[in-house]
>>> print(open('target03.txt').read())   # compact mmCIF, C-alpha atoms (C1' of nucleotides)
# COMPACT_ATOMS: atom_id res chain seq x y z
CA MET A 1 -26.60 39.79 23.77
CA THR A 2 -28.16 36.35 23.84
CA LEU A 3 -31.62 35.67 22.50
CA LYS A 4 -32.93 34.93 25.97
CA GLU A 5 -31.64 38.25 27.27
CA LYS A 6 -33.34 40.09 24.42
CA ILE A 7 -36.64 38.37 25.11
CA ARG A 8 -36.29 39.14 28.81
CA ILE A 9 -35.81 42.83 28.05
CA LEU A 10 -38.75 42.96 25.63
CA ILE A 11 -41.13 41.24 28.02
CA SER A 12 -39.94 43.41 30.90
CA SER A 13 -40.78 46.45 28.79
CA PHE A 14 -44.47 45.66 29.17
CA GLU A 15 -43.90 47.06 32.67
CA ILE A 16 -46.45 45.00 34.45
CA LEU A 17 -44.61 41.81 35.46
CA ASN A 18 -42.05 41.44 38.23
CA LYS A 19 -38.71 39.68 37.71
CA GLU A 20 -39.96 36.26 38.74
CA GLU A 21 -43.00 36.48 36.47
CA VAL A 22 -40.90 37.60 33.53
CA GLU A 23 -38.63 34.65 34.10
CA ILE A 24 -41.53 32.19 34.08
CA ILE A 25 -42.49 33.37 30.61
CA VAL A 26 -38.95 33.66 29.26
CA GLU A 27 -38.14 30.11 30.30
CA LYS A 28 -41.18 28.64 28.59
CA THR A 29 -41.18 30.85 25.52
CA ILE A 30 -41.08 29.18 22.13
CA VAL A 31 -38.94 30.93 19.56
CA GLY A 32 -39.07 30.59 15.79
CA LYS A 33 -36.66 31.77 13.12
CA PHE A 34 -38.02 32.68 9.70
CA LYS A 35 -36.34 33.62 6.45
CA LYS A 36 -37.12 36.90 4.72
CA GLY A 37 -40.18 36.37 2.54
CA THR A 38 -41.80 33.75 4.76
CA LEU A 39 -45.59 34.03 4.92
CA LEU A 40 -46.69 33.39 8.51
CA LEU A 41 -50.32 33.75 7.49
CA LYS A 42 -52.12 33.79 4.17
CA GLU A 43 -55.50 35.20 3.24
CA GLY A 44 -58.21 32.66 3.96
CA GLN A 45 -56.23 30.77 6.57
CA ILE A 46 -57.48 30.68 10.13
CA PRO A 47 -54.92 32.31 12.38
CA THR A 48 -54.27 30.63 15.73
CA LYS A 49 -50.85 31.86 16.83
CA CYS A 50 -49.70 35.09 18.43
CA TYR A 51 -46.23 36.47 17.84
CA MET A 52 -43.79 38.96 19.28
CA VAL A 53 -40.93 40.30 17.16
CA VAL A 54 -37.52 39.75 18.76
CA GLU A 55 -35.53 40.61 15.65
CA GLY A 56 -36.59 41.61 12.15
CA CYS A 57 -39.78 43.03 10.74
CA VAL A 58 -43.14 41.57 9.75
CA ARG A 59 -45.48 43.27 7.30
CA GLU A 60 -49.23 42.87 7.43
CA TYR A 61 -51.07 43.41 4.16
CA LEU A 62 -54.16 42.54 2.22
CA ILE A 63 -54.98 42.31 -1.47
CA LYS A 64 -57.43 44.83 -2.84
CA ASP A 65 -58.01 45.71 -6.48
CA GLY A 66 -55.25 43.24 -7.29
CA GLU A 67 -52.68 45.20 -5.29
CA GLU A 68 -50.96 44.56 -1.99
CA LYS A 69 -51.96 47.18 0.56
CA SER A 70 -49.75 47.24 3.65
CA THR A 71 -51.77 47.80 6.81
CA ALA A 72 -49.13 47.42 9.53
CA PHE A 73 -45.46 46.81 10.22
CA PHE A 74 -44.33 44.97 13.34
CA MET A 75 -40.82 45.48 14.65
CA GLU A 76 -38.73 44.62 17.72
CA GLY A 77 -41.02 44.36 20.76
CA ASP A 78 -44.27 44.58 18.79
CA THR A 79 -46.85 41.85 19.29
CA PHE A 80 -49.41 40.76 16.74
CA THR A 81 -52.37 38.48 17.16
CA PRO A 82 -55.21 37.05 15.08
CA HIS A 83 -57.89 39.63 14.38
CA SER A 84 -60.88 37.45 14.92
CA GLN A 85 -61.10 35.55 18.18
CA ASP A 86 -63.76 33.33 16.70
CA SER A 87 -61.60 31.60 14.14
CA LYS A 88 -62.69 33.37 11.01
CA PRO A 89 -60.41 33.13 7.97
CA SER A 90 -58.00 36.01 7.80
CA LYS A 91 -58.27 38.79 5.23
CA HIS A 92 -54.65 39.66 5.88
CA TYR A 93 -51.24 38.26 5.13
CA TRP A 94 -48.28 38.30 7.50
CA GLU A 95 -44.96 38.37 5.68
CA CYS A 96 -41.43 38.53 7.06
CA VAL A 97 -39.83 41.45 5.22
CA GLU A 98 -36.51 40.63 6.91
CA ASP A 99 -35.04 37.50 8.47
CA CYS A 100 -37.04 37.29 11.69
CA ILE A 101 -36.79 35.84 15.16
CA LEU A 102 -40.25 35.67 16.72
CA THR A 103 -41.72 34.31 19.92
CA ILE A 104 -44.72 32.13 19.20
CA SER A 105 -47.74 31.61 21.39
CA ASP A 106 -50.91 29.62 20.95
CA SER A 107 -53.75 28.62 23.23
CA SER A 108 -51.99 25.54 24.64
CA PHE A 109 -48.93 27.68 25.41
CA GLU A 110 -51.16 30.22 27.08
CA GLU A 111 -52.69 27.54 29.27
CA LYS A 112 -49.26 26.37 30.35
CA ILE A 113 -48.23 29.89 31.33
CA ARG A 114 -51.52 30.65 33.01
CA ALA A 115 -51.03 27.68 35.33
CA ALA A 116 -47.91 29.29 36.73
CA LEU A 117 -49.00 32.88 36.27
CA PRO A 118 -52.70 33.52 36.88
CA ARG A 119 -52.16 37.23 36.28
CA LEU A 120 -51.54 36.53 32.57
CA ASP A 121 -54.86 38.02 31.52
CA ALA A 122 -53.94 41.30 33.17
CA VAL A 123 -50.86 41.39 30.96
CA PHE A 124 -52.94 40.77 27.86
CA GLN A 125 -55.37 43.42 28.95
CA LYS A 126 -52.63 46.00 29.36
CA ILE A 127 -51.21 45.19 25.93
CA ALA A 128 -54.71 45.35 24.45
CA ILE A 129 -55.44 48.74 25.99
CA GLU A 130 -52.14 50.08 24.72
CA LYS A 131 -52.91 48.79 21.26
CA ILE A 132 -56.32 50.45 21.31
CA ASN A 133 -54.85 53.73 22.42
CA LYS A 134 -52.14 53.62 19.80
CA ALA A 135 -54.65 52.74 17.11
CA LYS A 136 -56.87 55.62 18.21
CA GLU A 137 -53.93 57.99 18.11
CA GLU A 138 -52.89 56.84 14.64
CA TRP A 139 -56.45 57.04 13.41
CA SER A 140 -56.79 60.64 14.58
CA GLN A 141 -53.50 61.45 12.95
CA PHE A 142 -54.34 59.73 9.69
CA ILE A 143 -57.84 61.08 9.27
CA THR A 144 -56.79 64.67 9.79
CA SER A 145 -53.80 64.60 7.44
CA SER A 146 -53.06 64.88 3.75
CA PRO A 147 -50.82 62.24 2.15
CA GLU A 148 -47.88 64.62 2.45
CA GLU A 149 -48.54 65.25 6.15
CA ARG A 150 -48.86 61.51 6.70
CA TYR A 151 -45.41 60.99 5.20
CA LEU A 152 -43.93 63.75 7.37
CA ASN A 153 -45.57 62.22 10.41
CA LEU A 154 -44.10 58.81 9.63
CA LEU A 155 -40.71 60.47 9.21
CA GLU A 156 -41.06 61.80 12.76
CA THR A 157 -42.63 58.85 14.51
CA LYS A 158 -41.10 55.81 12.79
CA PRO A 159 -38.08 57.00 10.80
CA VAL A 160 -36.50 53.56 11.02
CA LEU A 161 -39.30 52.11 8.88
CA LEU A 162 -38.18 54.24 5.94
CA ASN A 163 -34.73 52.69 6.04
CA ARG A 164 -35.91 49.10 6.30
CA ILE A 165 -38.97 48.93 4.07
CA PRO A 166 -39.24 49.38 0.28
CA GLN A 167 -40.82 52.66 -0.79
CA HIS A 168 -43.77 51.10 -2.55
CA GLN A 169 -44.78 49.25 0.62
CA ILE A 170 -44.47 52.47 2.60
CA ALA A 171 -46.60 54.18 -0.04
CA SER A 172 -49.47 51.72 0.31
CA TYR A 173 -49.18 51.95 4.11
CA LEU A 174 -49.67 55.71 3.71
CA GLY A 175 -52.61 55.18 1.37
CA MET A 176 -51.00 56.50 -1.79
CA LYS A 177 -49.31 55.32 -4.99
CA PRO A 178 -45.53 54.80 -5.15
CA GLN A 179 -45.30 57.60 -7.73
CA SER A 180 -46.97 60.00 -5.33
CA LEU A 181 -44.58 59.14 -2.54
CA SER A 182 -41.66 59.67 -4.87
CA ARG A 183 -43.10 63.04 -5.94
CA ILE A 184 -43.69 64.10 -2.33
CA ARG A 185 -40.13 63.21 -1.36
CA LYS A 186 -38.81 65.21 -4.29
CA ARG A 187 -40.99 68.20 -3.43
CA LEU A 188 -39.88 68.15 0.20
CA LEU A 189 -36.21 67.91 -0.76
CA SER A 190 -36.35 70.90 -3.09
CA ASN A 191 -38.41 73.00 -0.64
CA LYS A 192 -36.03 72.29 2.22
CA SER A 193 -33.14 74.27 0.69
CA MET B 1 -89.48 49.05 27.18
CA THR B 2 -88.09 50.21 30.49
CA LEU B 3 -84.60 51.58 30.85
CA LYS B 4 -83.54 48.59 32.91
CA GLU B 5 -84.75 46.19 30.22
CA LYS B 6 -82.80 48.07 27.58
CA ILE B 7 -79.63 47.93 29.64
CA ARG B 8 -80.17 44.23 30.28
CA ILE B 9 -80.43 43.58 26.55
CA LEU B 10 -77.35 45.66 25.73
CA ILE B 11 -75.19 44.00 28.38
CA SER B 12 -76.46 40.57 27.34
CA SER B 13 -75.36 41.34 23.80
CA PHE B 14 -71.72 41.16 24.91
CA GLU B 15 -72.46 37.41 24.86
CA ILE B 16 -70.11 36.43 27.62
CA LEU B 17 -72.16 36.75 30.82
CA ASN B 18 -74.90 34.42 32.04
CA LYS B 19 -78.25 35.71 33.25
CA GLU B 20 -77.23 35.99 36.89
CA GLU B 21 -74.05 37.89 36.03
CA VAL B 22 -75.91 40.28 33.76
CA GLU B 23 -78.35 40.94 36.57
CA ILE B 24 -75.55 41.76 39.03
CA ILE B 25 -74.34 44.48 36.70
CA VAL B 26 -77.78 45.75 35.70
CA GLU B 27 -78.80 46.16 39.34
CA LYS B 28 -75.74 48.19 40.26
CA THR B 29 -75.45 50.19 37.05
CA ILE B 30 -75.44 53.97 37.34
CA VAL B 31 -77.32 55.78 34.62
CA GLY B 32 -76.97 59.39 33.57
CA LYS B 33 -79.16 61.53 31.30
CA PHE B 34 -77.55 64.29 29.28
CA LYS B 35 -78.98 67.00 27.09
CA LYS B 36 -77.95 67.35 23.47
CA GLY B 37 -74.79 69.45 23.35
CA THR B 38 -73.42 68.30 26.70
CA LEU B 39 -69.65 67.88 26.76
CA LEU B 40 -68.80 64.76 28.75
CA LEU B 41 -65.10 65.41 28.29
CA LYS B 42 -63.10 68.41 27.14
CA GLU B 43 -59.61 68.59 25.71
CA GLY B 44 -57.07 68.79 28.52
CA GLN B 45 -59.31 67.16 31.10
CA ILE B 46 -58.27 63.86 32.60
CA PRO B 47 -60.89 61.26 31.76
CA THR B 48 -61.84 58.82 34.51
CA LYS B 49 -65.24 57.48 33.53
CA CYS B 50 -66.34 54.83 31.05
CA TYR B 51 -69.70 54.99 29.35
CA MET B 52 -72.10 52.83 27.41
CA VAL B 53 -74.76 54.39 25.19
CA VAL B 54 -78.29 53.27 26.07
CA GLU B 55 -80.03 55.92 23.98
CA GLY B 56 -78.71 58.74 21.84
CA CYS B 57 -75.38 59.37 20.20
CA VAL B 58 -72.02 60.70 21.40
CA ARG B 59 -69.47 62.23 19.08
CA GLU B 60 -65.73 62.11 19.76
CA TYR B 61 -63.69 64.85 18.16
CA LEU B 62 -60.51 66.86 18.45
CA ILE B 63 -59.49 70.32 17.35
CA LYS B 64 -56.83 70.54 14.67
CA ASP B 65 -55.97 73.58 12.55
CA GLY B 66 -58.79 75.37 14.35
CA GLU B 67 -61.38 72.88 13.11
CA GLU B 68 -63.35 70.14 14.80
CA LYS B 69 -62.40 66.75 13.39
CA SER B 70 -64.77 63.95 14.33
CA THR B 71 -62.95 60.73 15.13
CA ALA B 72 -65.77 58.48 16.31
CA PHE B 73 -69.51 58.22 16.89
CA PHE B 74 -70.91 56.05 19.66
CA MET B 75 -74.48 54.80 19.44
CA GLU B 76 -76.80 52.36 21.21
CA GLY B 77 -74.71 49.56 22.77
CA ASP B 78 -71.33 51.15 22.06
CA THR B 79 -68.92 51.61 24.93
CA PHE B 80 -66.27 54.29 25.17
CA THR B 81 -63.44 54.62 27.64
CA PRO B 82 -60.55 56.98 28.38
CA HIS B 83 -57.72 56.54 25.91
CA SER B 84 -54.89 56.79 28.34
CA GLN B 85 -54.98 54.46 31.31
CA ASP B 86 -52.28 56.52 32.99
CA SER B 87 -54.38 59.63 33.50
CA LYS B 88 -53.01 61.84 30.78
CA PRO B 89 -55.09 64.82 29.72
CA SER B 90 -57.35 64.00 26.81
CA LYS B 91 -56.78 65.32 23.31
CA HIS B 92 -60.39 64.53 22.51
CA TYR B 93 -63.82 65.89 23.31
CA TRP B 94 -66.91 63.80 23.95
CA GLU B 95 -70.11 65.58 22.98
CA CYS B 96 -73.70 64.40 23.10
CA VAL B 97 -75.05 65.07 19.61
CA GLU B 98 -78.50 63.97 20.78
CA ASP B 99 -80.20 63.75 24.16
CA CYS B 100 -78.44 60.78 25.70
CA ILE B 101 -78.96 58.10 28.30
CA LEU B 102 -75.64 56.57 29.27
CA THR B 103 -74.43 54.06 31.80
CA ILE B 104 -71.50 55.42 33.76
CA SER B 105 -68.65 53.45 35.24
CA ASP B 106 -65.56 54.50 37.15
CA SER B 107 -62.90 52.64 39.10
CA SER B 108 -64.89 52.56 42.35
CA PHE B 109 -67.89 51.17 40.47
CA GLU B 110 -65.64 48.57 38.87
CA GLU B 111 -64.38 47.48 42.27
CA LYS B 112 -67.90 47.06 43.54
CA ILE B 113 -68.83 44.88 40.57
CA ARG B 114 -65.62 42.91 40.69
CA ALA B 115 -66.38 41.89 44.28
CA ALA B 116 -69.50 40.09 43.08
CA LEU B 117 -68.24 39.16 39.64
CA PRO B 118 -64.55 38.21 39.50
CA ARG B 119 -64.87 37.39 35.81
CA LEU B 120 -65.30 41.12 35.04
CA ASP B 121 -61.86 41.41 33.50
CA ALA B 122 -62.71 38.70 31.01
CA VAL B 123 -65.65 40.84 29.90
CA PHE B 124 -63.43 43.87 29.47
CA GLN B 125 -60.96 41.76 27.57
CA LYS B 126 -63.59 40.53 25.16
CA ILE B 127 -64.83 44.05 24.55
CA ALA B 128 -61.25 45.23 24.07
CA ILE B 129 -60.46 42.52 21.54
CA GLU B 130 -63.61 43.33 19.62
CA LYS B 131 -62.69 46.99 19.59
CA ILE B 132 -59.21 46.20 18.30
CA ASN B 133 -60.59 43.99 15.56
CA LYS B 134 -63.13 46.57 14.50
CA ALA B 135 -60.48 49.29 14.50
CA LYS B 136 -58.22 47.10 12.38
CA GLU B 137 -61.03 46.44 9.95
CA GLU B 138 -61.89 50.11 9.66
CA TRP B 139 -58.25 51.02 9.26
CA SER B 140 -57.82 48.58 6.38
CA GLN B 141 -60.96 49.92 4.81
CA PHE B 142 -60.00 53.55 5.24
CA ILE B 143 -56.42 53.28 4.06
CA THR B 144 -57.35 51.50 0.86
CA SER B 145 -60.18 53.84 -0.14
CA SER B 146 -60.68 57.18 -1.80
CA PRO B 147 -62.94 59.74 -0.08
CA GLU B 148 -65.80 58.70 -2.36
CA GLU B 149 -65.34 55.01 -1.55
CA ARG B 150 -65.21 55.87 2.16
CA TYR B 151 -68.57 57.59 1.86
CA LEU B 152 -70.05 54.64 0.00
CA ASN B 153 -68.69 52.31 2.64
CA LEU B 154 -70.24 54.36 5.44
CA LEU B 155 -73.52 54.26 3.53
CA GLU B 156 -73.33 50.47 3.61
CA THR B 157 -72.01 49.86 7.10
CA LYS B 158 -73.57 52.65 9.18
CA PRO B 159 -76.40 54.18 7.14
CA VAL B 160 -78.15 55.30 10.32
CA LEU B 161 -75.31 57.71 11.05
CA LEU B 162 -76.15 59.70 7.92
CA ASN B 163 -79.66 60.32 9.17
CA ARG B 164 -78.67 61.37 12.66
CA ILE B 165 -75.48 63.37 12.20
CA PRO B 166 -74.95 66.71 10.40
CA GLN B 167 -73.12 66.41 7.07
CA HIS B 168 -70.18 68.54 8.07
CA GLN B 169 -69.44 66.23 11.01
CA ILE B 170 -69.71 63.19 8.75
CA ALA B 171 -67.34 64.93 6.33
CA SER B 172 -64.62 65.41 8.93
CA TYR B 173 -65.14 61.82 10.09
CA LEU B 174 -64.45 60.74 6.50
CA GLY B 175 -61.39 62.98 6.31
CA MET B 176 -62.75 65.50 3.83
CA LYS B 177 -64.31 68.96 3.63
CA PRO B 178 -68.09 69.47 3.80
CA GLN B 179 -68.03 70.86 0.25
CA SER B 180 -66.40 67.67 -1.00
CA LEU B 181 -68.99 65.49 0.68
CA SER B 182 -71.76 67.55 -0.84
CA ARG B 183 -70.11 67.27 -4.25
CA ILE B 184 -69.69 63.51 -3.91
CA ARG B 185 -73.32 63.08 -2.94
CA LYS B 186 -74.40 65.11 -5.95
CA ARG B 187 -72.13 63.13 -8.27
CA LEU B 188 -73.46 59.82 -6.99
CA LEU B 189 -77.07 60.93 -7.33
CA SER B 190 -76.64 62.00 -10.96
CA ASN B 191 -74.64 58.89 -11.90
CA LYS B 192 -77.17 56.56 -10.31
CA SER B 193 -79.85 57.32 -12.88
C1' DA C 1 -94.19 85.25 10.93
C1' DT C 2 -89.72 86.93 10.79
C1' DA C 3 -84.90 87.20 11.63
C1' DC C 4 -80.80 85.08 12.62
C1' DG C 5 -77.29 81.70 12.58
C1' DA C 6 -75.87 77.39 11.12
C1' DT C 7 -75.79 74.13 7.50
C1' DT C 8 -75.74 72.66 2.88
C1' DT C 9 -75.18 73.48 -1.83
C1' DT C 10 -73.13 75.55 -5.80
C1' DA C 11 -69.54 77.63 -8.49
C1' DA C 12 -64.82 79.06 -10.22
C1' DC C 13 -60.31 78.33 -9.54
C1' DT C 14 -56.09 76.01 -7.51
C1' DT C 15 -53.54 72.24 -6.04
C1' DA C 16 -52.26 67.64 -5.46
C1' DA C 17 -52.82 62.89 -6.17
C1' DG C 18 -54.05 59.10 -9.69
C1' DT C 19 -52.93 57.07 -14.26
C1' DG C 20 -50.21 55.16 -17.83
C1' DA C 21 -45.94 54.96 -19.76
C1' DA C 22 -41.09 55.15 -20.08
C1' DC C 23 -36.43 55.04 -18.24
C1' DG C 24 -32.43 53.88 -15.52
C1' DA C 25 -30.57 51.36 -11.49
C1' DC C 26 -30.11 47.29 -9.39
C1' DA C 27 -30.11 42.28 -7.94
C1' DG C 28 -30.48 37.51 -8.76
C1' DG C 29 -30.54 33.55 -11.86
C1' DG C 30 -29.24 31.36 -15.82
C1' DC D 1 -21.81 37.91 -18.55
C1' DC D 2 -26.27 39.04 -19.97
C1' DC D 3 -31.16 38.55 -19.28
C1' DT D 4 -35.01 39.55 -16.60
C1' DG D 5 -37.95 41.32 -13.21
C1' DT D 6 -38.37 44.63 -9.47
C1' DC D 7 -37.99 49.13 -7.83
C1' DG D 8 -37.66 53.99 -7.81
C1' DT D 9 -38.07 58.04 -10.52
C1' DT D 10 -39.81 61.10 -13.97
C1' DC D 11 -43.16 62.92 -17.32
C1' DA D 12 -47.56 64.29 -19.44
C1' DC D 13 -52.12 64.11 -18.74
C1' DT D 14 -56.52 63.31 -16.09
C1' DT D 15 -59.24 63.45 -12.16
C1' DA D 16 -60.75 64.69 -7.76
C1' DA D 17 -60.38 67.14 -3.65
C1' DG D 18 -59.06 71.76 -1.36
C1' DT D 19 -60.01 76.75 -1.29
C1' DT D 20 -62.63 80.77 -1.36
C1' DA D 21 -66.78 82.83 -1.79
C1' DA D 22 -71.59 83.29 -2.40
C1' DA D 23 -76.21 81.71 -2.50
C1' DA D 24 -79.83 78.68 -0.91
C1' DT D 25 -81.86 76.08 2.69
C1' DC D 26 -83.12 74.84 7.22
C1' DG D 27 -84.16 75.30 12.16
C1' DT D 28 -84.85 77.88 16.10
C1' DA D 29 -85.83 81.58 18.95
C1' DT D 30 -87.87 85.87 19.34
>>> encode(input="target03.txt", output="structure tokens")
Amino acid sequence: MTLKEKIRILISSFEILNKEEVEIIVEKTIVGKFKKGTLLLKEGQIPTKCYMVVEGCVREYLIKDGEEKSTAFFMEGDTFTPHSQDSKPSKHYWECVEDCILTISDSSFEEKIRAALPRLDAVFQKIAIEKINKAKEEWSQFITSSPEERYLNLLETKPVLLNRIPQHQIASYLGMKPQSLSRIRKRLLSNKS
Amino acid sequence: MTLKEKIRILISSFEILNKEEVEIIVEKTIVGKFKKGTLLLKEGQIPTKCYMVVEGCVREYLIKDGEEKSTAFFMEGDTFTPHSQDSKPSKHYWECVEDCILTISDSSFEEKIRAALPRLDAVFQKIAIEKINKAKEEWSQFITSSPEERYLNLLETKPVLLNRIPQHQIASYLGMKPQSLSRIRKRLLSNKS
DNA sequence: ATACGATTTTAACTTAAGTGAACGACAGGG
DNA sequence: CCCTGTCGTTCACTTAAGTTAAAATCGTAT
């Protein structure tokens, strides 16, 4: 499958644009390729670009108590945008944990698209609402679970993460120490039999 | 201060509408008064209305393992909307934990406003982005903290909650048992001296 | 004022995660 | 090829939260 076909499928999956509208975006889309380990954004920088993952995986993290704490993982089809619309320096890092192909958008790109596709804001709004709902869902899940339950939930909802991401990054994403995750995995394995 | 003045101030605080636009909304706004204990939404119901708190406080919670788990508190100026745009039954309850005055919006109200104020979607978008950013911030905070740190953080960021909401609801909001919250408070008091 | 239920606190005990350290496996660079 | 640093696991020990139960406190309605 060509890159353009992949992007077409991912943008279509937003399920709000018709074929012609999808094509407008696909044709103008700017694509970037990044090596594993690339930092797209560092703490203190002012983020201006929005991305969508076409291939690969991007980890979002911050440094607290001298340790990296992973706060999100973005994979094929996921979009991620600056957190502060008013150009505040970021508290987060964005790191490619695999070789990545990403679409890149900034305000001048947005303007170009908007000229041909006035409905663009409706698209953003739909994505935003979905993100809010997903965040709400994850929050409810997280707050009502023990570390062990959170691991089991991840196993159910995003099993692919566990095969692509190092354990210690998963551990911090689940709000626990790597040793605890290792212990939980061991406990679950022995109880399963 | 009259009700209308309060609403004008709250809507102005979104900082995106000019005076005339604010007035369009204020004039058409529907207000509801609800007694403490009123359930605006029950689990399984399909939510259709959006609210903004003018006075009072609304608690969002869900039932898990037979217990109420608070997932959010909405206070003066906060807006809250259905989580699923596609009319799925709600997993959450909305309960007035105080006597409340709320503005009420539904799709027919939105249409009426939109006719006079085409920029309405931009307002929604700004609110949505702010909600996403706040959620992200809270997520980062929550995931990297122990229960005790979460309590201390709440004390810093939303001290007013602690004076208006019963401890056991705060406890579930912080992802712990009421006994643990009580213990933490005691520990902090004795260590402070 | 009293009685009741709900809320908060306290306590003893259990369980699970944090801590610090050590070990083996592994990968990449010299 | 070995050296080195990272990663995952394991262990012993500490710490804090969960559990269960009971007592104390508070508010409200009768």
>>> atom_distance(input="target03.txt", atom1="CA of Val53 (chain A)", atom2="CA of Phe80 (chain A)")
8.5 Å
>>> residues_around(input="target03.txt", residues="DA12 (chain D)", least_positions_apart="4", cutoff="12 Å", atoms="all atoms listed in the file", output="mmCIF file with C-alpha atoms (C1' of nucleotides), in the coordinates of the input")
data_model
loop_
_atom_site.group_PDB
_atom_site.id
_atom_site.type_symbol
_atom_site.label_atom_id
_atom_site.label_comp_id
_atom_site.auth_asym_id
_atom_site.auth_seq_id
_atom_site.Cartn_x
_atom_site.Cartn_y
_atom_site.Cartn_z
ATOM 1 C "C1'" DT C 19 -52.930 57.070 -14.260
ATOM 2 C "C1'" DG C 20 -50.210 55.160 -17.830
ATOM 3 C "C1'" DA C 21 -45.940 54.960 -19.760
ATOM 4 C "C1'" DA C 22 -41.090 55.150 -20.080
#
>>> atom_distance(input="target03.txt", atom1="CA of Gly77 (chain B)", atom2="CA of Leu10 (chain B)")
5.6 Å
>>> atom_distance(input="target03.txt", atom1="CA of Val26 (chain B)", atom2="CA of Ser12 (chain B)")
9.9 Å
>>> residues_around(input="target03.txt", residues="DG30 (chain C)", least_positions_apart="6", cutoff="12 Å", atoms="all atoms listed in the file", output="number ranges by chain")
D: 1-4
>>> interface_residues(input="target03.txt", of="chain C", to="chain B", cutoff="12 Å", atoms="only C-alpha atoms (C1' of nucleotides)", output="JSON, numbers by chain")
{"C": [6, 7, 8, 9, 10, 11, 17, 18]}
>>> interface_residues(input="target03.txt", of="chain B", to="chain A", cutoff="9 Å", atoms="all atoms listed in the file", output="number ranges by chain")
B: 61-62, 64, 69-71, 82-85, 121-122, 124-126, 128-137, 139-140, 142-146, 172-176
>>> closest_residue(input="target03.txt", among="D:DC26, D:DC7, D:DA16, D:DA21", to="chain A", atoms="only C-alpha atoms (C1' of nucleotides)")
D:DC7
>>> interface_residues(input="target03.txt", of="chain D", to="chain A", cutoff="12 Å", atoms="all atoms listed in the file", output="JSON, numbers by chain")
{"D": [6, 7, 8, 9, 10, 11, 17, 18]}
>>> residues_around(input="target03.txt", residues="Asp78 (chain B)", least_positions_apart="4", cutoff="12 Å", atoms="all atoms listed in the file", output="PyMOL selection string")
chain B and resi 7+10-11+13-14+50-59+72-74+102-103+127-128+130-131
>>> write_last_selection(input="target03.txt", atoms="C-alpha atoms", output="PDB file, keeping the file's coordinate frame")
ATOM      1  CA  ILE B   7     -79.630  47.930  29.640  1.00  0.00           C
ATOM      2  CA  LEU B  10     -77.350  45.660  25.730  1.00  0.00           C
ATOM      3  CA  ILE B  11     -75.190  44.000  28.380  1.00  0.00           C
ATOM      4  CA  SER B  13     -75.360  41.340  23.800  1.00  0.00           C
ATOM      5  CA  PHE B  14     -71.720  41.160  24.910  1.00  0.00           C
ATOM      6  CA  CYS B  50     -66.340  54.830  31.050  1.00  0.00           C
ATOM      7  CA  TYR B  51     -69.700  54.990  29.350  1.00  0.00           C
ATOM      8  CA  MET B  52     -72.100  52.830  27.410  1.00  0.00           C
ATOM      9  CA  VAL B  53     -74.760  54.390  25.190  1.00  0.00           C
ATOM     10  CA  VAL B  54     -78.290  53.270  26.070  1.00  0.00           C
ATOM     11  CA  GLU B  55     -80.030  55.920  23.980  1.00  0.00           C
ATOM     12  CA  GLY B  56     -78.710  58.740  21.840  1.00  0.00           C
ATOM     13  CA  CYS B  57     -75.380  59.370  20.200  1.00  0.00           C
ATOM     14  CA  VAL B  58     -72.020  60.700  21.400  1.00  0.00           C
ATOM     15  CA  ARG B  59     -69.470  62.230  19.080  1.00  0.00           C
ATOM     16  CA  ALA B  72     -65.770  58.480  16.310  1.00  0.00           C
ATOM     17  CA  PHE B  73     -69.510  58.220  16.890  1.00  0.00           C
ATOM     18  CA  PHE B  74     -70.910  56.050  19.660  1.00  0.00           C
ATOM     19  CA  LEU B 102     -75.640  56.570  29.270  1.00  0.00           C
ATOM     20  CA  THR B 103     -74.430  54.060  31.800  1.00  0.00           C
ATOM     21  CA  ILE B 127     -64.830  44.050  24.550  1.00  0.00           C
ATOM     22  CA  ALA B 128     -61.250  45.230  24.070  1.00  0.00           C
ATOM     23  CA  GLU B 130     -63.610  43.330  19.620  1.00  0.00           C
ATOM     24  CA  LYS B 131     -62.690  46.990  19.590  1.00  0.00           C
TER      25      LYS B 131
END
>>> residues_around(input="target03.txt", residues="Lys88 (chain A)", least_positions_apart="5", cutoff="9 Å", atoms="all atoms listed in the file", output="PyMOL selection string")
chain A and resi 44-47+83
>>> closest_residue(input="target03.txt", among="A:Glu60, A:Glu149, A:Gly32, A:Ala171", to="Ser105 (chain A)", atoms="all atoms listed in the file")
A:Gly32
